[in-house]
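Note sheet for the following structure.
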Amino acid sequence: MPKNFFSKTALARTASTPYAHANALVVALLALFLAAFHRYEGFAEPYQVWFRLDEIHYIGRSAPGAIEHLAGAFALCSLFTLFWGIFVRPTSRNRVLVAGTFAIVYFVASTLMHDGSQYLASRDPSQLMQMLADVLGLGLALVWLSWPEAPEDGEPSFA
């Protein structure tokens, strides 16, 4: 399985053509807009917005921050990889290298250093959920952007 995932020849399924690349950019920008809008509504009127109240009521107190971190990490990793992907061939190996590099830097700088220090200062479990959402968002972007296409013989890359 990992050998196929780091394929030098198989194109990544997402954004392997210019039209698909534009569609993937739209998806990543929508995720960034969702995270920014969610964050803005949380700061502007945190207790008056119906969807924030529903998130807290049905999912839990840590849901709003986790949703923002999930969408933000996914969008930023995707945008970085897609913009950098203009200059390299869209193979799954190149996407893994670009997205993986961004994910490592983001994880260390944002998740560990920033959110980790806030968690150590506050011991708030919501901060742990935000850190978990960061990791999940980075992982989703990494898999989404680097999943290889099925080969020509019709057999899937992952059997």
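Following the order of the structure tokens, chains are lettered A, B, ..., residues in each are numbered from 1, and ligands are numbered from 1.
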
List as a VMD selection string the protein and nucleic acid residues near region 122-136 of chain A, meaning an atom at most 9 Å away when only C-alpha atoms are counted, but skip any in the same chain fewer than 6 places from it. chain A and resid 61 to 63 65 to 74 103 106 to 107 110 to 112 115 to 116

Using DSSP on the backbone coordinates, identify all residues within region 35-156 of chain A classified as helix (DSSP H, G or I); present the result as a PyMOL selection string. chain A and resi 35-44+50-58+63-84+92-122+125-146

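Of note, CA of Leu138 (chain A) and CA of Val27 (chain A) are spaced 15.0 Å apart.
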
When you count only C-alpha atoms, which of these residues is closest to Ser92 (chain A): A:Ala20, A:Leu34, A:Leu145, A:Val105?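 Ranking A:Ala20, A:Leu34, A:Leu145, A:Val105 by distance to Ser92 (chain A), first place goes to A:Leu145.
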
Return the single residue from A:Pro90, A:Met113, A:Tyr40, A:Ala31 that is closest to Ala10 (chain A), with distances computed using only C-alpha atoms. A:Pro90

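Near Ser78 (chain A), within a cut-off of 7 Å and counting only C-alpha atoms, sit the residues Ala28, Phe74, Leu82 and Ala141 of chain A, with same-chain residues fewer than 4 positions away left out.
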
Give me the residues within 12 Å of Asn94 (chain A) as JSON, numbers by chain, counting only C-alpha atoms and dropping any in the same chain fewer than 2 places off. {"A": [5, 6, 7, 8, 9, 10, 11, 12, 16, 81, 82, 84, 85, 86, 87, 88, 89, 90, 91, 92, 96, 97, 98, 99, 100, 101, 142, 145, 146, 147, 148]}

Restricted to N, CA and C atoms, what would the selected residues look like written as a compact mmCIF listing (two decimals), in the first residue's frame?
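So the final result, stored in selection10.txt, reads:
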```txt
# COMPACT_ATOMS: atom_id res chain seq x y z
N PHE A 5 1.18 4.46 -2.83
CA PHE A 5 0.85 5.82 -2.41
C PHE A 5 1.94 6.80 -2.81
N PHE A 6 3.18 6.36 -2.81
CA PHE A 6 4.30 7.22 -3.18
C PHE A 6 4.74 6.97 -4.61
N SER A 7 3.81 6.69 -5.48
CA SER A 7 4.11 6.35 -6.86
C SER A 7 4.74 7.53 -7.60
N LYS A 8 5.79 7.23 -8.36
CA LYS A 8 6.44 8.28 -9.16
C LYS A 8 5.68 8.50 -10.45
N THR A 9 4.94 7.51 -10.91
CA THR A 9 4.32 7.60 -12.22
C THR A 9 2.82 7.87 -12.17
N ALA A 10 2.12 7.35 -11.17
CA ALA A 10 0.67 7.52 -11.12
C ALA A 10 0.32 8.96 -10.78
N LEU A 11 -0.52 9.57 -11.59
CA LEU A 11 -0.97 10.92 -11.29
C LEU A 11 -1.90 10.89 -10.10
N ALA A 12 -1.89 11.97 -9.36
CA ALA A 12 -2.83 12.09 -8.25
C ALA A 12 -4.22 12.25 -8.83
N SER A 16 -5.46 16.56 -11.47
CA SER A 16 -4.43 16.09 -12.40
C SER A 16 -4.53 16.77 -13.75
N THR A 81 -0.50 23.23 -1.41
CA THR A 81 -0.13 22.14 -2.32
C THR A 81 -0.60 22.44 -3.74
N LEU A 82 -1.80 22.97 -3.89
CA LEU A 82 -2.31 23.25 -5.23
C LEU A 82 -1.55 24.40 -5.90
N TRP A 84 1.59 25.27 -5.23
CA TRP A 84 2.92 24.74 -5.53
C TRP A 84 2.83 23.70 -6.64
N GLY A 85 1.70 23.02 -6.75
CA GLY A 85 1.52 22.00 -7.77
C GLY A 85 1.51 22.53 -9.19
N ILE A 86 1.41 23.83 -9.35
CA ILE A 86 1.49 24.42 -10.69
C ILE A 86 2.88 24.20 -11.27
N PHE A 87 3.90 24.14 -10.43
CA PHE A 87 5.28 24.06 -10.88
C PHE A 87 5.83 22.64 -10.97
N VAL A 88 5.11 21.66 -10.45
CA VAL A 88 5.60 20.29 -10.49
C VAL A 88 4.55 19.39 -11.14
N ARG A 89 4.98 18.22 -11.58
CA ARG A 89 4.06 17.26 -12.19
C ARG A 89 3.12 16.72 -11.12
N PRO A 90 1.83 16.58 -11.42
CA PRO A 90 0.87 16.17 -10.38
C PRO A 90 0.88 14.68 -10.08
N THR A 91 2.05 14.14 -9.80
CA THR A 91 2.11 12.75 -9.39
C THR A 91 1.80 12.66 -7.91
N SER A 92 1.42 11.47 -7.50
CA SER A 92 1.09 11.31 -6.08
C SER A 92 2.33 11.52 -5.22
N VAL A 96 2.53 14.23 -2.19
CA VAL A 96 2.84 13.79 -0.82
C VAL A 96 4.00 14.60 -0.26
N LEU A 97 5.01 14.84 -1.08
CA LEU A 97 6.17 15.60 -0.61
C LEU A 97 5.79 17.05 -0.29
N VAL A 98 5.03 17.69 -1.15
CA VAL A 98 4.66 19.09 -0.92
C VAL A 98 3.68 19.21 0.25
N ALA A 99 2.61 18.42 0.22
CA ALA A 99 1.61 18.49 1.29
C ALA A 99 2.21 18.02 2.61
N GLY A 100 3.05 17.01 2.57
CA GLY A 100 3.69 16.51 3.80
C GLY A 100 4.60 17.53 4.42
N THR A 101 5.35 18.26 3.60
CA THR A 101 6.22 19.31 4.11
C THR A 101 5.40 20.40 4.79
N LEU A 142 -3.89 15.79 2.87
CA LEU A 142 -2.81 14.98 2.34
C LEU A 142 -3.35 13.82 1.53
N LEU A 145 -5.29 15.07 -1.79
CA LEU A 145 -4.46 15.60 -2.86
C LEU A 145 -3.48 14.59 -3.44
N SER A 146 -3.21 13.51 -2.76
CA SER A 146 -2.17 12.60 -3.24
C SER A 146 -2.67 11.19 -3.54
N TRP A 147 -3.96 10.95 -3.43
CA TRP A 147 -4.49 9.61 -3.72
C TRP A 147 -4.27 9.31 -5.19
N PRO A 148 -3.57 8.21 -5.53
CA PRO A 148 -3.26 7.95 -6.94
C PRO A 148 -4.48 7.49 -7.73
```

So the first atom is CA of Phe33 (chain A) and the second is CA of Phe80 (chain A); what is the distance between them in Å, to one decimal place?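 Separating CA of Phe33 (chain A) from CA of Phe80 (chain A) is a distance of 15.3 Å.
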